[in-house]
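**Q** My questions will all concern the structure given below.
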Amino acid sequence: MSSYSGPERKKARTSFELQRLNVNMNHVGKSAPEVRYERMGVEPTPELRAEWKRRFGKEEPHIATLILARGGSKGIPMKNNKALGGLELIGWVIRAAIDSDIMDSIWVSTDHDEIANTARRCGAQVHRRSAEVSQDTCNSWVTIDEFAKYHPEVDIIVNIQATSPCLHPFHLHDGMRLTLQDGYDSVFTVVRRHGFRWSEPKWGIQPFPLNFDPATRPLRQDWPGELVENGAFYMMTRDVEQQGLMQGGKMAYLVMDPEYGVDIDTDLDWEIAEQRLFRFGYHGRTPKTVKLVVVNIDGTLLDGQVQVSPTGEELRSFKTTDIVGVQQLQEHGIEFRVVAEGDSEIQRALATKLSAKLEENCTDKLTVIDAWRQELGLEWKDIGYMGYDISDSSCIKKAGMSACPSDAYAEIQKHSHFISTYRGGQGALREFCEQILKDGNMATYAEAAERTTDTGLKQPSAQVTESRTRRRSRKESASSDL
């Protein structure tokens with residue numbers, strides 16, 4: 001079995017950074033197939049088209065996304081239609097499928113009216129599944145098979161789990177490239193785990209290790225770990241599906257990084273998923289346009305420290321580069337305002353220097369900023385907010401783009417889209433300003449995407465491929481039931 005290990009792993013990109021890698025694809029004057037192959041990084045040569053004709057009976061195979069979302073989920077009732085981070089759970093994967101630009105049709109298979117309405121509103125078509133395939137005892141293949149019987153035009157089925165909200169279009173591109181360019185009949189996602197497994201003691205037999213030797217217990221960095229299915233998606237040709245399989249023929253698996261994975265089975269999982277989603281979820285191909293930036297002056301513009309001189313005078317410090325960052329925002333027409341929980345002459349002097357509106361003794365920041373939003377005729381998605389304290393939590397969660405310094409409270413870091421590498425009052429605000437102004441200067445997705453290595457396997461076999469892009473590392477996701 002041949003395999004590709006991928007490049008050395010780097011830190012996964014946050015959703016804030018990845019947004020810009022999905023934009024500015026120039027589709028003007030291009031047909032749908034041309035856009036599809038450009039997004040995947042596939043050159044549809046005459047030889048490839050001849051191969052597709054042999055495999056699918058046509059030179060342009062019909063690719064369909066199928067999302068299974070019944071209404072009878074047990075762990076979290078109606079979880080597929082429950083709002084997560086401001087969008088219904090199924091909406092996240094529908095968005096990724098649509099923005100991939102490689103699907104001929106996108107379907108949600110459901111037995112519930114509310115889920116059907118949400119699916120249509122998010123841009124998907126609805127397959128009303130029968131009661132026979134909507135039972136707790138029905139597996140995924142049975143439901144997929146019903147869909148396939150009603151849609152003979154479909155040649156490749158991409159079964160995406162609704163509970164994979166951190167799935168990005170590039171994951172789908174990497175998987176489909178394996179199917180169309182490298183000739184694999186089924187492609188599925190896995191995650192790399194580093195857990196030491198033990199057997200369960202039975203009949204008086206003591207537990208024993210299953211995947212390691214306790215006498216030579218390996219270090220994590222010296223052990224590649226094990227690959228476990230995570231269920232983010234299963235791609236299969238119709239021939240594989242007709243065999244009663246979701247994985248068969250010439251098989252490949254795509255390794256995704258844990259940053260893009262969540263398991264959603266309980267209410268606690270839901271909270272964890274929301275935190276992960278803020279940083280690593282796919283928020284759409286269009287970058288967020290920030291029109292108003294608000295900061296809590298303590299711990300962001302100021303360093304949060306107070307020094308008292310021998311004469312009793314309070315001294316505060318800030319970094320001039322942060323001032324320059326704010327001025328750059330203002331030069332680009334972005335409004336800058338400040339909130340503060342206390343009052344001081346230093347705060348007022350800084351606000352005056354920056355020509356910024358200041359709200360002192362602010363105990364309800366959310367209400368103040370909402371009033372500013374209405375005054376300027378904005379939506380919350382147009383607002384960028386930087387804070388560091390627990391009192392900033394509601395604004396961090398509400399803002400379209402949120403940030404915090406590296407020394408912010410852990411709770412604030414969990415919910416921030418962007419975490420600066422600098423401390424408050426030491427350049428964090430400048431870095432946030434630079435991130436906001438980068439939108440027009442990032443590489444396009446097509447430039448960032450790399451092709452998956454072709455190993456040339458001709459017989460049914462398993463192929464490992466690391467999903468990757470330039471300046472971006474391997475992407476992983478976690479599994480969950482439908």
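Numbering starts fresh at 1 for the residues of each chain in the structure tokens, the chains themselves are lettered A, B, ... in the order given, and ligands are numbered from 1 as they appear.
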Find the spatial neighbours of stretch 367-383 of chain A, counting only C-alpha atoms, within a cut-off of 9 Å - ignore same-chain residues fewer than 2 positions away - and output them as a list in words.

**A** Lys288, Thr289, Val290, Lys291, Leu292, Val293, Val294, Val339, Glu359, Cys362, Asp364, Lys365, Tyr385, Cys395, Lys398, Ala399, Gly400, Met401 and Ser402 of chain A

**Q** Can you list, as a PDB file with C-alpha atoms, in the first residue's frame, every residue of stretch 44-170 of chain A that DSSP puts in alpha helix (DSSP H)?

**A**
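What landed in part.pdb:
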```pdb
ATOM      1  CA  PRO A  46      -9.032  14.078 -23.036  1.00  0.00           C
ATOM      2  CA  GLU A  47      -7.580  11.016 -21.317  1.00  0.00           C
ATOM      3  CA  LEU A  48      -9.380  11.847 -18.059  1.00  0.00           C
ATOM      4  CA  ARG A  49     -12.658  12.458 -19.867  1.00  0.00           C
ATOM      5  CA  ALA A  50     -12.323   9.131 -21.621  1.00  0.00           C
ATOM      6  CA  GLU A  51     -11.804   7.491 -18.232  1.00  0.00           C
ATOM      7  CA  TRP A  52     -14.890   9.233 -16.824  1.00  0.00           C
ATOM      8  CA  LYS A  53     -16.867   8.016 -19.858  1.00  0.00           C
ATOM      9  CA  ARG A  54     -15.772   4.472 -19.056  1.00  0.00           C
ATOM     10  CA  ARG A  55     -16.533   4.754 -15.333  1.00  0.00           C
ATOM     11  CA  PHE A  56     -19.750   6.777 -15.391  1.00  0.00           C
ATOM     12  CA  LEU A  89     -26.643  22.957  12.234  1.00  0.00           C
ATOM     13  CA  ILE A  90     -27.433  21.674   8.727  1.00  0.00           C
ATOM     14  CA  GLY A  91     -26.890  25.191   7.363  1.00  0.00           C
ATOM     15  CA  TRP A  92     -23.145  25.028   8.006  1.00  0.00           C
ATOM     16  CA  VAL A  93     -22.541  21.988   5.793  1.00  0.00           C
ATOM     17  CA  ILE A  94     -24.997  23.184   3.135  1.00  0.00           C
ATOM     18  CA  ARG A  95     -22.986  26.407   2.929  1.00  0.00           C
ATOM     19  CA  ALA A  96     -19.702  24.495   2.543  1.00  0.00           C
ATOM     20  CA  ALA A  97     -21.193  22.294  -0.191  1.00  0.00           C
ATOM     21  CA  ILE A  98     -22.608  25.271  -2.112  1.00  0.00           C
ATOM     22  CA  ASP A  99     -19.417  27.306  -1.869  1.00  0.00           C
ATOM     23  CA  SER A 100     -17.288  24.377  -2.998  1.00  0.00           C
ATOM     24  CA  ASP A 113     -41.155  19.685   7.799  1.00  0.00           C
ATOM     25  CA  GLU A 114     -39.080  22.179   9.809  1.00  0.00           C
ATOM     26  CA  ILE A 115     -35.793  20.647   8.679  1.00  0.00           C
ATOM     27  CA  ALA A 116     -37.074  20.634   5.092  1.00  0.00           C
ATOM     28  CA  ASN A 117     -37.937  24.341   5.306  1.00  0.00           C
ATOM     29  CA  THR A 118     -34.502  25.158   6.746  1.00  0.00           C
ATOM     30  CA  ALA A 119     -32.771  23.141   4.026  1.00  0.00           C
ATOM     31  CA  ARG A 120     -34.597  25.020   1.258  1.00  0.00           C
ATOM     32  CA  ARG A 121     -33.906  28.378   2.874  1.00  0.00           C
ATOM     33  CA  SER A 140     -27.019   5.450   6.615  1.00  0.00           C
ATOM     34  CA  TRP A 141     -26.674   3.234   3.555  1.00  0.00           C
ATOM     35  CA  VAL A 142     -30.380   2.312   3.570  1.00  0.00           C
ATOM     36  CA  THR A 143     -31.320   6.007   3.436  1.00  0.00           C
ATOM     37  CA  ILE A 144     -28.710   6.745   0.769  1.00  0.00           C
ATOM     38  CA  ASP A 145     -29.962   3.830  -1.317  1.00  0.00           C
ATOM     39  CA  GLU A 146     -33.516   5.168  -1.263  1.00  0.00           C
ATOM     40  CA  PHE A 147     -32.243   8.516  -2.525  1.00  0.00           C
ATOM     41  CA  ALA A 148     -30.181   6.834  -5.263  1.00  0.00           C
ATOM     42  CA  LYS A 149     -33.221   4.924  -6.561  1.00  0.00           C
ATOM     43  CA  TYR A 150     -35.141   8.183  -6.998  1.00  0.00           C
ATOM     44  CA  PRO A 169     -14.919  23.617   0.804  1.00  0.00           C
ATOM     45  CA  PHE A 170     -11.237  22.676   0.467  1.00  0.00           C
TER      46      PHE A 170
END
```

**Q** So, with only C-alpha atoms as the atoms that count, which of A:Ser73, A:Thr137, A:His171, A:Ala252 lies closest to A:Asp265?

**A** A:Ser73

**Q** For A:Ala410, please output as a compact mmCIF listing (two decimals) with N, CA, C and O atoms, in the first residue's frame all residues within 12 Å (counting only C-alpha atoms; exclusion window: fewer than 4 positions along the same chain).

**A**
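Output saved as around24.txt:
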```txt
# COMPACT_ATOMS: atom_id res chain seq x y z
N GLN A 275 -17.77 26.84 20.56
CA GLN A 275 -16.47 27.46 20.76
C GLN A 275 -15.52 27.14 19.60
O GLN A 275 -14.80 28.00 19.09
N GLY A 387 -11.63 42.73 23.29
CA GLY A 387 -11.71 42.82 24.74
C GLY A 387 -10.79 41.81 25.39
O GLY A 387 -10.13 41.02 24.71
N TYR A 388 -10.76 41.85 26.71
CA TYR A 388 -9.85 40.93 27.40
C TYR A 388 -10.44 40.36 28.68
O TYR A 388 -9.97 39.35 29.21
N ASP A 389 -11.51 40.99 29.20
CA ASP A 389 -12.04 40.62 30.51
C ASP A 389 -13.35 39.85 30.37
O ASP A 389 -13.99 39.87 29.31
N ILE A 390 -13.75 39.18 31.44
CA ILE A 390 -15.01 38.43 31.44
C ILE A 390 -16.18 39.33 31.08
O ILE A 390 -17.13 38.91 30.42
N SER A 393 -17.38 39.36 27.45
CA SER A 393 -17.83 38.10 26.85
C SER A 393 -19.01 38.28 25.91
O SER A 393 -19.02 37.76 24.79
N CYS A 404 -8.90 39.30 20.85
CA CYS A 404 -8.41 39.54 22.21
C CYS A 404 -6.89 39.45 22.22
O CYS A 404 -6.29 38.84 21.34
N PRO A 405 -6.24 40.06 23.21
CA PRO A 405 -4.78 39.94 23.35
C PRO A 405 -4.40 38.53 23.81
O PRO A 405 -5.26 37.75 24.25
N SER A 406 -3.13 38.23 23.75
CA SER A 406 -2.66 36.90 24.16
C SER A 406 -2.83 36.65 25.65
O SER A 406 -2.88 35.49 26.09
N LYS A 414 -11.56 31.61 24.16
CA LYS A 414 -12.36 30.53 23.57
C LYS A 414 -13.34 31.05 22.53
O LYS A 414 -13.64 30.38 21.55
N HIS A 415 -13.87 32.23 22.75
CA HIS A 415 -14.92 32.76 21.88
C HIS A 415 -14.42 33.77 20.85
O HIS A 415 -15.22 34.28 20.07
N SER A 416 -13.13 34.07 20.84
CA SER A 416 -12.60 35.07 19.93
C SER A 416 -12.24 34.45 18.58
O SER A 416 -11.66 33.37 18.53
N ILE A 419 -6.90 35.66 18.05
CA ILE A 419 -6.13 35.86 19.27
C ILE A 419 -4.77 36.41 18.88
O ILE A 419 -4.01 35.78 18.15
```

**Q** Please report the interatomic distance between atom CA of A:Gly427 and atom CA of A:Glu341 in Å with one decimal.

**A**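 It comes out at 21.3 Å.
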
**Q** Just the number, please: distance in Å from atom CA of A:Pro165 to atom CA of A:Tyr260, one decimal.

**A**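 Distance reported for this atom pair: 8.3 Å.
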
**Q** Please report the interatomic distance between atom CA of A:Leu366 and atom CA of A:Gln347 in Å with one decimal.

**A**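 Computed distance, atom CA of A:Leu366 to atom CA of A:Gln347, equals 19.7 Å.
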
**Q** Find the residues around A:His112 up to 12 Å (only C-alpha atoms counted), leave out those fewer than 3 positions away in its own chain, and share them as number ranges by chain.

**A** A: 68-73, 78, 80-81, 108-109, 115-119, 126-131, 134
